[in-house]
$ cat structure20.txt   # compact mmCIF, C-alpha atoms
# COMPACT_ATOMS: atom_id res chain seq x y z
CA ASN A 47 -140.76 150.87 63.85
CA GLU A 48 -142.77 153.02 61.47
CA PHE A 49 -140.52 152.07 58.53
CA LYS A 50 -140.40 148.28 58.75
CA ASN A 51 -138.58 147.68 55.44
CA THR A 52 -135.60 149.93 56.16
CA ILE A 53 -132.22 149.50 57.80
CA PRO A 54 -131.30 151.98 60.53
CA ILE A 55 -128.33 154.09 59.44
CA ALA A 56 -125.40 154.82 61.77
CA THR A 57 -124.02 158.30 61.12
CA SER A 58 -120.43 158.22 62.46
CA ASP A 59 -117.71 159.42 60.11
CA LYS A 60 -114.06 158.33 59.99
CA SER A 61 -112.69 161.38 61.84
CA GLU A 62 -115.14 160.78 64.69
CA CYS A 63 -114.23 157.09 64.79
CA TYR A 64 -110.52 157.83 65.15
CA MET A 65 -111.03 160.43 67.87
CA GLY A 66 -113.57 158.46 69.88
CA TYR A 67 -116.35 160.92 69.03
CA ALA A 68 -118.46 158.08 67.61
CA THR A 69 -120.87 157.10 70.37
CA ILE A 70 -121.81 153.48 71.13
CA ASN A 71 -125.63 153.24 71.23
CA GLY A 72 -125.67 156.70 69.66
CA ASP A 73 -124.45 157.63 66.19
CA MET A 74 -122.77 154.20 65.88
CA SER A 75 -126.13 152.43 66.19
CA GLY A 76 -127.67 150.99 63.08
CA GLY A 77 -127.42 148.20 60.56
CA PHE A 78 -125.26 150.11 58.06
CA CYS A 79 -122.74 152.93 58.44
CA PRO A 80 -122.22 154.63 55.06
CA LEU A 81 -119.93 157.40 56.37
CA ALA A 82 -117.48 155.51 58.61
CA ASP A 83 -114.80 155.56 55.89
CA VAL A 84 -115.36 159.23 54.98
CA LEU A 85 -113.24 161.94 56.62
CA LYS A 86 -115.00 164.97 58.11
CA THR A 87 -113.38 167.30 55.55
CA GLN A 88 -114.52 164.98 52.74
CA LEU A 89 -118.01 164.91 54.19
CA PHE A 90 -118.31 168.70 54.16
CA ALA A 91 -116.86 168.85 50.63
CA LEU A 92 -119.37 166.22 49.55
CA GLY A 93 -122.21 168.26 51.05
CA LYS A 94 -121.09 171.38 49.17
CA TRP A 95 -120.77 169.37 45.95
CA VAL A 96 -124.29 167.96 46.34
CA ASN A 97 -125.66 171.48 46.78
CA ASN A 98 -123.75 172.72 43.71
CA VAL A 99 -125.12 169.88 41.59
CA ARG A 100 -128.67 169.52 43.00
CA GLY A 101 -129.49 172.93 44.42
CA GLU A 102 -129.70 173.57 48.14
CA VAL A 103 -130.63 170.04 49.20
CA ILE A 104 -128.59 170.37 52.39
CA PRO A 105 -129.33 173.61 54.26
CA VAL A 106 -126.26 175.88 54.13
CA ASN A 107 -126.46 176.47 57.89
CA ILE A 108 -125.87 172.72 58.37
CA LEU A 109 -122.73 172.87 56.21
CA LYS A 110 -121.46 175.96 58.04
CA LYS A 111 -122.22 174.68 61.54
CA PRO A 112 -119.02 173.52 63.24
CA PRO A 113 -119.13 169.97 64.58
CA MET A 114 -119.92 170.03 68.29
CA ALA A 115 -119.20 167.81 71.26
CA GLU A 116 -122.83 168.00 72.40
CA LEU A 117 -122.08 166.28 75.69
CA ALA A 118 -119.37 168.76 76.72
CA ILE A 119 -119.39 172.41 77.74
CA ASN A 120 -116.52 174.79 76.98
CA PRO A 121 -115.44 175.99 80.43
CA LYS A 122 -114.23 179.33 78.99
CA THR A 123 -117.50 180.26 77.25
CA GLY A 124 -120.15 178.14 78.98
CA GLU A 125 -121.37 177.07 75.51
CA ILE A 126 -121.39 173.66 73.87
CA LEU A 127 -117.82 172.69 73.05
CA LYS A 128 -116.84 172.75 69.38
CA ALA A 129 -115.08 169.54 68.41
CA GLU A 130 -112.06 171.38 66.98
CA GLU A 131 -111.63 173.24 70.30
CA ALA A 132 -111.36 169.91 72.09
CA LEU A 133 -109.33 168.11 69.43
CA MET A 134 -107.48 169.92 66.65
CA PRO A 135 -108.44 171.40 63.27
CA TYR A 136 -110.17 168.79 61.10
CA PRO A 137 -107.94 169.44 58.06
CA PHE A 138 -104.89 168.60 60.20
CA MET A 139 -106.55 165.57 61.81
CA ASP A 140 -107.78 164.23 58.49
CA GLU A 141 -104.31 164.57 57.00
CA VAL A 142 -102.93 162.53 59.91
CA ILE A 143 -105.48 159.82 59.09
CA PHE A 144 -104.58 159.96 55.39
CA ARG A 145 -100.86 159.71 56.15
CA LEU A 146 -101.48 156.84 58.56
CA GLU A 147 -103.75 154.82 56.27
CA GLU A 148 -102.54 155.64 52.78
CA LEU A 149 -98.83 156.37 53.31
CA GLY A 150 -98.26 154.04 56.28
CA GLN A 151 -96.43 156.76 58.19
CA THR A 152 -96.02 156.52 61.93
CA LEU A 153 -96.79 159.53 64.07
CA GLY A 154 -93.05 159.91 64.70
CA GLU A 155 -92.39 160.10 60.97
CA MET A 156 -95.14 162.69 60.61
CA LEU A 157 -93.31 165.03 62.99
CA ASP A 158 -90.60 165.46 60.34
CA GLU A 159 -93.01 165.89 57.41
CA GLU A 160 -94.57 169.19 56.35
CA PHE A 161 -98.35 168.87 56.28
CA TYR A 162 -100.50 170.61 53.69
CA TYR A 163 -102.27 172.18 56.65
CA GLU A 164 -98.98 173.76 57.77
CA LYS A 165 -98.48 175.43 54.38
CA GLU A 166 -101.67 177.46 54.87
CA ASN A 167 -101.76 177.68 58.66
CA LYS A 168 -98.68 178.48 60.64
CA ILE A 169 -98.39 176.20 63.66
CA SER A 170 -95.33 175.78 65.83
CA PRO A 171 -93.48 172.46 66.04
CA GLU A 172 -94.68 172.24 69.65
CA ILE A 173 -98.35 172.57 68.65
CA LYS A 174 -97.87 170.00 65.87
CA LYS A 175 -96.34 167.60 68.39
CA GLN A 176 -99.23 168.23 70.81
CA TYR A 177 -101.75 167.54 68.03
CA LEU A 178 -100.01 164.29 67.08
CA GLU A 179 -99.77 163.16 70.70
CA LYS A 180 -103.46 163.97 71.25
CA PHE A 181 -104.34 162.11 68.05
CA ALA A 182 -102.41 159.02 69.20
CA SER A 183 -103.91 159.07 72.67
CA ARG A 184 -107.48 159.52 71.49
CA ALA A 185 -107.18 157.01 68.64
CA LYS A 186 -105.69 154.35 70.92
CA GLY A 187 -108.59 154.89 73.31
CA ALA A 188 -111.11 154.57 70.48
CA VAL A 189 -109.73 151.46 68.75
CA PHE A 190 -112.07 149.11 70.62
CA LYS A 191 -115.07 150.91 69.09
CA TRP A 192 -113.95 150.13 65.54
CA ASN A 193 -115.04 146.51 65.91
CA LEU A 194 -118.46 147.63 67.15
CA LEU A 195 -119.37 149.52 63.99
CA PRO A 196 -122.11 148.02 61.87
CA GLU A 197 -121.39 147.10 58.25
CA VAL A 198 -119.48 149.94 56.58
CA ALA A 199 -119.23 151.23 53.01
CA ARG A 200 -115.46 150.98 52.46
CA ILE A 201 -113.99 153.83 50.42
CA SER A 202 -110.30 153.27 51.11
CA GLU A 203 -108.42 149.99 50.73
CA ASN A 204 -106.40 150.75 53.85
CA SER A 205 -109.18 152.03 56.08
CA LEU A 206 -109.78 151.18 59.71
CA ASN A 207 -112.80 149.26 58.47
CA ASN A 208 -110.62 146.77 56.59
CA LYS A 209 -110.15 144.02 59.19
CA GLU A 210 -106.87 142.88 57.56
CA ASN A 211 -105.38 146.34 58.18
CA PHE A 212 -106.76 146.75 61.69
CA GLU A 213 -103.63 145.46 63.46
CA LYS A 214 -101.28 147.32 61.08
CA LEU A 215 -103.03 150.63 61.77
CA ASN A 216 -103.12 149.94 65.49
CA SER A 217 -99.34 149.32 65.49
CA LEU A 218 -98.69 152.64 63.70
CA LEU A 219 -100.50 154.54 66.44

$ encode --input "structure20.txt" --output "structure tokens"
Amino acid sequence: NEFKNTIPIATSDKSECYMGYATINGDMSGGFCPLADVLKTQLFALGKWVNNVRGEVIPVNILKKPPMAELAINPKTGEILKAEEALMPYPFMDEVIFRLEELGQTLGEMLDEEFYYEKENKISPEIKKQYLEKFASRAKGAVFKWNLLPEVARISENSLNNKENFEKLNSLL
């Protein structure tokens, strides 16, 4: 109310949207969502780039802080659950989203493909399958939220925010 000539900004990013970590009446609330078509790994890279170009505009501790599931507690540690502990590594997840949106691959096809993530991080075929199954389950449960996002800055032609591609992406999950 203090800033009457502004539009409230929703802060959900694409990775959160796919996994259902975007919260209705929370970080999805606003009149414009500039990050909803930006992957979490891209967001952190963008933050580092901004700091390299402009000086430390974004505090380094913010860029190093792992994303958290603030509403969940890790039963093993009693601390706030890190999102990657509950989901999967963001570089893997974001590659799934890229392969889904840009390459049109189904999750079944992805099982047979070698991910960039796998070249640097050894994961078993069983873990990869678990990650892909978790991705599919969470994304299917989050699809209804995609239509509730405010206006989005579209970065990708094939993004979840492109209404023409909504059904195509949903069928690939």

$ closest_residue --input "structure20.txt" --among "A:Val96, A:Leu195, A:Ala129, A:Ile119" --to "Lys60 of chain A" --atoms "all atoms listed in the file"
A:Leu195

$ residues_near_point --input "structure20.txt" --point "(-101.5, 159.8, 58.2)" --cutoff "12 Å" --atoms "all atoms listed in the file" --output "JSON, numbers by chain"
{"A": [61, 64, 137, 138, 139, 140, 141, 142, 143, 144, 145, 146, 147, 148, 149, 150, 151, 152, 153, 154, 155, 156, 157, 159, 160, 161, 162, 178, 181, 182, 204, 205, 215, 218, 219]}

$ atom_distance --input "structure20.txt" --atom1 "atom CA of Met74 of chain A" --atom2 "atom CA of Ile201 of chain A"
17.8 Å

$ atom_distance --input "structure20.txt" --atom1 "atom CA of Asn98 of chain A" --atom2 "atom CA of Lys110 of chain A"
14.9 Å

$ closest_residue --input "structure20.txt" --among "A:Pro196, A:Thr123, A:Tyr136, A:Leu109" --to "Ile53 of chain A" --atoms "only C-alpha atoms"
A:Pro196

$ residues_around --input "structure20.txt" --residues "Pro54 of chain A" --least-positions-apart "3" --cutoff "12 Å" --atoms "only C-alpha atoms" --output "VMD selection string"
chain A and resid 47 to 51 57 72 to 80 196 to 197

$ closest_residue --input "structure20.txt" --among "A:Ile104, A:Met65, A:Val198, A:Leu89" --to "Ser183 of chain A" --atoms "all atoms listed in the file"
A:Met65

$ residues_near_point --input "structure20.txt" --point "(-117.9, 171.5, 55.4)" --cutoff "12 Å" --atoms "only C-alpha atoms" --output "list in words"
Leu85, Lys86, Thr87, Gln88, Leu89, Phe90, Ala91, Leu92, Gly93, Lys94, Trp95, Val96, Asn97, Ile104, Pro105, Val106, Asn107, Ile108, Leu109, Lys110, Lys111, Pro112, Pro113, Tyr136 and Pro137 of chain A

$ write_last_selection --input "structure20.txt" --atoms "C-alpha atoms" --output "compact mmCIF listing (two decimals), in the frame of the given file"
# COMPACT_ATOMS: atom_id res chain seq x y z
CA LEU A 85 -113.24 161.94 56.62
CA LYS A 86 -115.00 164.97 58.11
CA THR A 87 -113.38 167.30 55.55
CA GLN A 88 -114.52 164.98 52.74
CA LEU A 89 -118.01 164.91 54.19
CA PHE A 90 -118.31 168.70 54.16
CA ALA A 91 -116.86 168.85 50.63
CA LEU A 92 -119.37 166.22 49.55
CA GLY A 93 -122.21 168.26 51.05
CA LYS A 94 -121.09 171.38 49.17
CA TRP A 95 -120.77 169.37 45.95
CA VAL A 96 -124.29 167.96 46.34
CA ASN A 97 -125.66 171.48 46.78
CA ILE A 104 -128.59 170.37 52.39
CA PRO A 105 -129.33 173.61 54.26
CA VAL A 106 -126.26 175.88 54.13
CA ASN A 107 -126.46 176.47 57.89
CA ILE A 108 -125.87 172.72 58.37
CA LEU A 109 -122.73 172.87 56.21
CA LYS A 110 -121.46 175.96 58.04
CA LYS A 111 -122.22 174.68 61.54
CA PRO A 112 -119.02 173.52 63.24
CA PRO A 113 -119.13 169.97 64.58
CA TYR A 136 -110.17 168.79 61.10
CA PRO A 137 -107.94 169.44 58.06

$ atom_distance --input "structure20.txt" --atom1 "atom CA of Glu125 of chain A" --atom2 "atom CA of Tyr67 of chain A"
18.1 Å

$ closest_residue --input "structure20.txt" --among "A:Asp83, A:Glu179, A:Glu131, A:Asp158" --to "Glu203 of chain A" --atoms "only C-alpha atoms"
A:Asp83
